[in-house]
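Undergrad: Have a look at the structure that comes next, please.
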Amino acid sequence: MTPSTGSRPTTIDEYLAALEDPARARLAELRSLVREELPEAIEAIKWGSPAFVHPKGTILLMLSAHKAHANFVVTPSAKEDFAAELEGLETGKGSVKLTYDAPMPVDLLRRMARHRLAEFEQDGVNWM
């Protein structure tokens, strides 16, 4: 369920406005979580999806809305560092699928966001 406004969104506000609930609510919740954990990150749209970018220009994480789920996307290495805790959730290369009908693992996502920031700042791990 990517936004279908006829043109691609240029801001996260536009991205969210083009969504219907429950996607809009879930993405707004994820956005708030990321803003709390990565207050210095710059919001942007990258490849048509909400992204949070380090002030140095590197993408830290991305979000996306789909028909039945939202994706929370970090680097594959950051995702793998939480593999044991992600058991039971569907994941991809660097993504965690968050279905709209299940509670979000808020604490885990917060820790993953902080970990991704440290992974970039301390270890120099860039985006995929």
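Each chain in the structure tokens gets a letter, A, B and so on, in the order shown; residues start at 1 in every chain, and ligands are counted from 1 in the order they appear.
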Counting only C-alpha atoms, what is within 12 Å of Gly48 (chain A), bar same-chain residues fewer than 2 positions away, as number ranges by chain?
TA: A: 1-4, 7-12, 14-16, 44-46, 50-51, 62-65
Undergrad: With only C-alpha atoms as the counted atoms, please give the residues lying no more than 12 Å from Asn71 (chain A), apart from itself and same-chain residues fewer than 5 positions off, as a CSV table (one decimal) with N, CA, C and O atoms, in the first residue's frame.
TA:
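Saved result, result.csv, follows:
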chain,number,residue,atom,x,y,z
A,1,MET,N,0.8,-1.2,0.0
A,1,MET,CA,0.0,0.0,0.0
A,1,MET,C,0.9,1.2,0.0
A,1,MET,O,1.0,1.9,1.0
A,2,THR,N,1.5,1.5,-1.1
A,2,THR,CA,2.3,2.7,-1.2
A,2,THR,C,1.3,3.8,-1.5
A,2,THR,O,0.3,3.6,-2.0
A,23,ALA,N,-2.6,1.5,8.3
A,23,ALA,CA,-1.2,1.8,7.9
A,23,ALA,C,-0.8,3.2,8.4
A,23,ALA,O,0.3,3.3,8.9
A,26,ARG,N,0.0,3.0,12.1
A,26,ARG,CA,1.2,2.3,12.4
A,26,ARG,C,2.5,3.1,12.0
A,26,ARG,O,3.4,3.1,12.8
A,27,LEU,N,2.5,3.7,10.8
A,27,LEU,CA,3.6,4.5,10.4
A,27,LEU,C,3.8,5.7,11.3
A,27,LEU,O,5.0,6.0,11.6
A,30,LEU,N,5.5,4.4,14.4
A,30,LEU,CA,6.9,4.1,14.1
A,30,LEU,C,7.7,5.4,14.0
A,30,LEU,O,8.8,5.5,14.5
A,31,ARG,N,7.2,6.4,13.3
A,31,ARG,CA,7.8,7.7,13.1
A,31,ARG,C,8.1,8.3,14.5
A,31,ARG,O,9.2,8.8,14.7
A,49,SER,N,10.1,6.0,0.2
A,49,SER,CA,9.7,5.6,1.5
A,49,SER,C,10.3,6.5,2.6
A,49,SER,O,11.4,7.1,2.3
A,50,PRO,N,9.7,6.6,3.7
A,50,PRO,CA,10.3,7.4,4.8
A,50,PRO,C,11.6,6.9,5.2
A,50,PRO,O,11.8,5.7,5.4
A,51,ALA,N,12.6,7.8,5.4
A,51,ALA,CA,13.9,7.5,5.8
A,51,ALA,C,14.3,8.4,6.9
A,51,ALA,O,13.9,9.6,6.9
A,61,LEU,N,17.8,4.4,9.0
A,61,LEU,CA,16.8,3.4,8.9
A,61,LEU,C,15.6,3.9,8.0
A,61,LEU,O,15.6,5.1,7.7
A,62,MET,N,14.8,3.0,7.5
A,62,MET,CA,13.7,3.3,6.7
A,62,MET,C,12.4,2.6,7.2
A,62,MET,O,12.5,1.6,7.9
A,63,LEU,N,11.3,3.2,6.8
A,63,LEU,CA,10.0,2.6,7.1
A,63,LEU,C,9.2,2.5,5.8
A,63,LEU,O,9.5,3.2,4.8
A,64,SER,N,8.2,1.6,5.7
A,64,SER,CA,7.4,1.5,4.6
A,64,SER,C,6.0,0.9,5.0
A,64,SER,O,6.0,0.1,5.9
A,65,ALA,N,5.0,1.3,4.2
A,65,ALA,CA,3.6,0.8,4.5
A,65,ALA,C,3.2,-0.1,3.3
A,65,ALA,O,3.5,0.2,2.2
A,66,HIS,N,2.6,-1.2,3.7
A,66,HIS,CA,2.1,-2.2,2.7
A,66,HIS,C,0.7,-2.6,3.1
A,66,HIS,O,0.2,-2.2,4.1
A,89,LEU,N,9.0,-13.3,14.2
A,89,LEU,CA,8.6,-12.2,13.3
A,89,LEU,C,9.2,-12.5,12.0
A,89,LEU,O,10.3,-13.0,11.8
A,90,GLU,N,8.4,-12.1,10.9
A,90,GLU,CA,8.9,-12.3,9.6
A,90,GLU,C,9.9,-11.2,9.3
A,90,GLU,O,9.7,-10.0,9.6
A,91,THR,N,11.1,-11.6,8.8
A,91,THR,CA,12.1,-10.6,8.5
A,91,THR,C,12.6,-10.8,7.1
A,91,THR,O,12.4,-11.8,6.5
A,92,GLY,N,13.3,-9.8,6.6
A,92,GLY,CA,13.9,-9.8,5.3
A,92,GLY,C,15.4,-9.5,5.4
A,92,GLY,O,16.0,-9.5,6.5
A,93,LYS,N,16.0,-9.0,4.4
A,93,LYS,CA,17.5,-8.7,4.4
A,93,LYS,C,17.8,-7.8,5.6
A,93,LYS,O,18.8,-8.1,6.3
A,94,GLY,N,17.1,-6.7,5.7
A,94,GLY,CA,17.3,-5.8,6.9
A,94,GLY,C,16.0,-5.4,7.5
A,94,GLY,O,16.0,-4.5,8.3
A,95,SER,N,14.9,-6.0,7.1
A,95,SER,CA,13.6,-5.6,7.5
A,95,SER,C,12.9,-6.4,8.5
A,95,SER,O,13.2,-7.6,8.6
A,96,VAL,N,12.1,-5.8,9.2
A,96,VAL,CA,11.2,-6.5,10.2
A,96,VAL,C,9.8,-6.2,9.8
A,96,VAL,O,9.4,-5.0,9.7
A,97,LYS,N,9.0,-7.2,9.5
A,97,LYS,CA,7.6,-7.0,9.0
A,97,LYS,C,6.7,-6.9,10.3
A,97,LYS,O,6.7,-7.8,11.2
A,98,LEU,N,6.0,-5.8,10.4
A,98,LEU,CA,5.1,-5.6,11.5
A,98,LEU,C,3.6,-5.6,11.0
A,98,LEU,O,3.2,-4.6,10.4
A,99,THR,N,2.9,-6.7,11.2
A,99,THR,CA,1.6,-6.7,10.8
A,99,THR,C,0.7,-5.7,11.6
A,99,THR,O,1.0,-5.5,12.7
A,100,TYR,N,-0.3,-5.2,10.9
A,100,TYR,CA,-1.2,-4.2,11.5
A,100,TYR,C,-2.1,-4.8,12.6
A,100,TYR,O,-2.5,-4.1,13.5
A,104,MET,N,3.2,-4.0,18.3
A,104,MET,CA,4.6,-3.8,17.9
A,104,MET,C,5.5,-4.1,19.1
A,104,MET,O,5.2,-3.8,20.2
A,109,LEU,N,12.3,-2.5,18.9
A,109,LEU,CA,12.5,-1.5,17.8
A,109,LEU,C,13.3,-0.3,18.3
A,109,LEU,O,14.2,0.2,17.6
Undergrad: Region 111-119 of chain A: which residues within 8 Å, counting only C-alpha atoms, same-chain residues fewer than 3 positions away excluded, as a VMD selection string?
TA: chain A and resid 34 37 to 38 60 to 61 74 to 75 78 to 79 82 107 to 108 122 to 125
Undergrad: Next, dump the selected residues to file, keeping only C-alpha atoms, as a tab-separated table (two decimals), in the first residue's frame.
TA:
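To be explicit, this is the file written out as part28.tsv:
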chain	number	residue	atom	x	y	z
A	34	VAL	CA	12.27	6.76	15.68
A	37	GLU	CA	15.40	7.43	19.67
A	38	LEU	CA	17.19	9.33	16.88
A	60	LEU	CA	20.07	5.08	9.43
A	61	LEU	CA	16.75	3.35	8.87
A	74	VAL	CA	17.84	-1.29	9.24
A	75	THR	CA	21.03	-2.74	7.80
A	78	ALA	CA	21.96	-4.50	12.63
A	79	LYS	CA	19.03	-6.86	12.07
A	82	PHE	CA	18.85	-8.97	17.15
A	107	ASP	CA	11.22	-1.90	23.17
A	108	LEU	CA	12.99	-4.07	20.59
A	122	GLN	CA	31.20	3.82	16.06
A	123	ASP	CA	31.79	1.18	13.38
A	124	GLY	CA	31.26	3.17	10.19
A	125	VAL	CA	28.58	0.80	8.84
Undergrad: Can you list every residue in chain A that DSSP puts in helix (DSSP H, G or I), as a PyMOL selection string?
TA: chain A and resi 12-17+23-37+76-80+106-123
Undergrad: Grab the residues selected above and save them as a compact mmCIF listing (two decimals), in the first residue's frame with N, CA and C atoms.
TA:
# COMPACT_ATOMS: atom_id res chain seq x y z
N ILE A 12 7.66 13.05 4.71
CA ILE A 12 7.00 11.98 5.46
C ILE A 12 5.56 12.36 5.75
N ASP A 13 5.29 13.63 5.99
CA ASP A 13 3.90 14.07 6.19
C ASP A 13 3.05 13.73 4.98
N GLU A 14 3.56 13.98 3.78
CA GLU A 14 2.82 13.64 2.56
C GLU A 14 2.64 12.14 2.43
N TYR A 15 3.66 11.38 2.76
CA TYR A 15 3.58 9.92 2.71
C TYR A 15 2.45 9.44 3.61
N LEU A 16 2.44 9.92 4.85
CA LEU A 16 1.42 9.50 5.81
C LEU A 16 0.03 9.94 5.38
N ALA A 17 -0.10 11.15 4.85
CA ALA A 17 -1.40 11.66 4.44
C ALA A 17 -2.03 10.82 3.34
N ALA A 23 -2.60 1.49 8.29
CA ALA A 23 -1.23 1.78 7.87
C ALA A 23 -0.77 3.15 8.37
N ARG A 24 -1.63 4.16 8.23
CA ARG A 24 -1.24 5.51 8.66
C ARG A 24 -0.92 5.53 10.14
N ALA A 25 -1.76 4.90 10.95
CA ALA A 25 -1.54 4.89 12.40
C ALA A 25 -0.24 4.17 12.75
N ARG A 26 0.02 3.04 12.12
CA ARG A 26 1.24 2.28 12.42
C ARG A 26 2.48 3.06 12.02
N LEU A 27 2.46 3.68 10.84
CA LEU A 27 3.62 4.46 10.39
C LEU A 27 3.83 5.69 11.26
N ALA A 28 2.75 6.31 11.70
CA ALA A 28 2.87 7.46 12.60
C ALA A 28 3.49 7.03 13.93
N GLU A 29 3.09 5.87 14.41
CA GLU A 29 3.65 5.33 15.66
C GLU A 29 5.14 5.03 15.49
N LEU A 30 5.50 4.42 14.37
CA LEU A 30 6.91 4.13 14.10
C LEU A 30 7.71 5.42 13.96
N ARG A 31 7.16 6.40 13.28
CA ARG A 31 7.85 7.68 13.11
C ARG A 31 8.13 8.31 14.48
N SER A 32 7.14 8.31 15.34
CA SER A 32 7.31 8.88 16.68
C SER A 32 8.40 8.14 17.45
N LEU A 33 8.39 6.83 17.39
CA LEU A 33 9.39 6.01 18.06
C LEU A 33 10.79 6.38 17.56
N VAL A 34 10.95 6.46 16.25
CA VAL A 34 12.27 6.76 15.68
C VAL A 34 12.71 8.18 16.06
N ARG A 35 11.79 9.12 16.02
CA ARG A 35 12.13 10.51 16.40
C ARG A 35 12.63 10.58 17.85
N GLU A 36 12.01 9.79 18.73
CA GLU A 36 12.45 9.78 20.13
C GLU A 36 13.84 9.18 20.27
N GLU A 37 14.11 8.12 19.54
CA GLU A 37 15.40 7.43 19.67
C GLU A 37 16.51 8.07 18.86
N PRO A 76 21.33 -5.10 7.24
CA PRO A 76 21.31 -6.53 7.56
C PRO A 76 22.13 -6.87 8.81
N SER A 77 23.26 -6.19 8.99
CA SER A 77 24.09 -6.47 10.17
C SER A 77 23.38 -6.05 11.45
N ALA A 78 22.70 -4.93 11.44
CA ALA A 78 21.96 -4.50 12.63
C ALA A 78 20.81 -5.46 12.91
N LYS A 79 20.12 -5.90 11.88
CA LYS A 79 19.03 -6.86 12.07
C LYS A 79 19.57 -8.17 12.65
N GLU A 80 20.68 -8.65 12.13
CA GLU A 80 21.25 -9.91 12.60
C GLU A 80 21.67 -9.86 14.07
N VAL A 106 7.80 -2.65 20.69
CA VAL A 106 8.30 -1.29 20.81
C VAL A 106 9.70 -1.24 21.41
N ASP A 107 9.91 -1.94 22.52
CA ASP A 107 11.22 -1.90 23.17
C ASP A 107 12.31 -2.42 22.22
N LEU A 108 12.03 -3.50 21.53
CA LEU A 108 12.99 -4.07 20.59
C LEU A 108 13.30 -3.09 19.46
N LEU A 109 12.28 -2.45 18.89
CA LEU A 109 12.50 -1.49 17.80
C LEU A 109 13.31 -0.29 18.28
N ARG A 110 13.04 0.15 19.49
CA ARG A 110 13.83 1.27 20.06
C ARG A 110 15.30 0.89 20.16
N ARG A 111 15.55 -0.30 20.66
CA ARG A 111 16.94 -0.75 20.81
C ARG A 111 17.60 -0.94 19.44
N MET A 112 16.84 -1.42 18.47
CA MET A 112 17.40 -1.58 17.13
C MET A 112 17.75 -0.23 16.51
N ALA A 113 16.93 0.78 16.73
CA ALA A 113 17.21 2.12 16.20
C ALA A 113 18.49 2.67 16.83
N ARG A 114 18.60 2.55 18.15
CA ARG A 114 19.81 3.04 18.83
C ARG A 114 21.04 2.27 18.38
N HIS A 115 20.88 0.97 18.20
CA HIS A 115 21.99 0.13 17.75
C HIS A 115 22.45 0.55 16.35
N ARG A 116 21.49 0.84 15.49
CA ARG A 116 21.84 1.25 14.12
C ARG A 116 22.63 2.56 14.15
N LEU A 117 22.26 3.49 15.01
CA LEU A 117 23.00 4.75 15.14
C LEU A 117 24.43 4.46 15.59
N ALA A 118 24.59 3.62 16.61
CA ALA A 118 25.93 3.28 17.11
C ALA A 118 26.72 2.53 16.05
N GLU A 119 26.06 1.66 15.33
CA GLU A 119 26.73 0.90 14.27
C GLU A 119 27.34 1.85 13.24
N PHE A 120 26.63 2.91 12.91
CA PHE A 120 27.16 3.89 11.95
C PHE A 120 28.24 4.76 12.60
N GLU A 121 27.94 5.35 13.75
CA GLU A 121 28.86 6.31 14.36
C GLU A 121 30.14 5.65 14.88
N GLN A 122 30.05 4.47 15.45
CA GLN A 122 31.20 3.82 16.06
C GLN A 122 31.94 2.87 15.11
N ASP A 123 31.18 2.21 14.24
CA ASP A 123 31.79 1.18 13.38
C ASP A 123 31.83 1.57 11.92
Undergrad: Taking the backbone alone, and naming residues the way the document does, which bits of chain A are strand (DSSP E or B) by DSSP, as a list in words?
TA: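 DSSP-assigned strand (DSSP E or B) residues in chain A: Ile42, Glu43, Ala44, Ile45, Lys46, Ser49, Pro50, Ala51, Phe52, Val53, Ile59, Leu60, Leu61, Met62, Leu63, Ser64, Ala65, His69, Ala70, Asn71, Phe72, Val73, Thr91, Ser95, Val96, Lys97, Leu98 and Thr99 of chain A.
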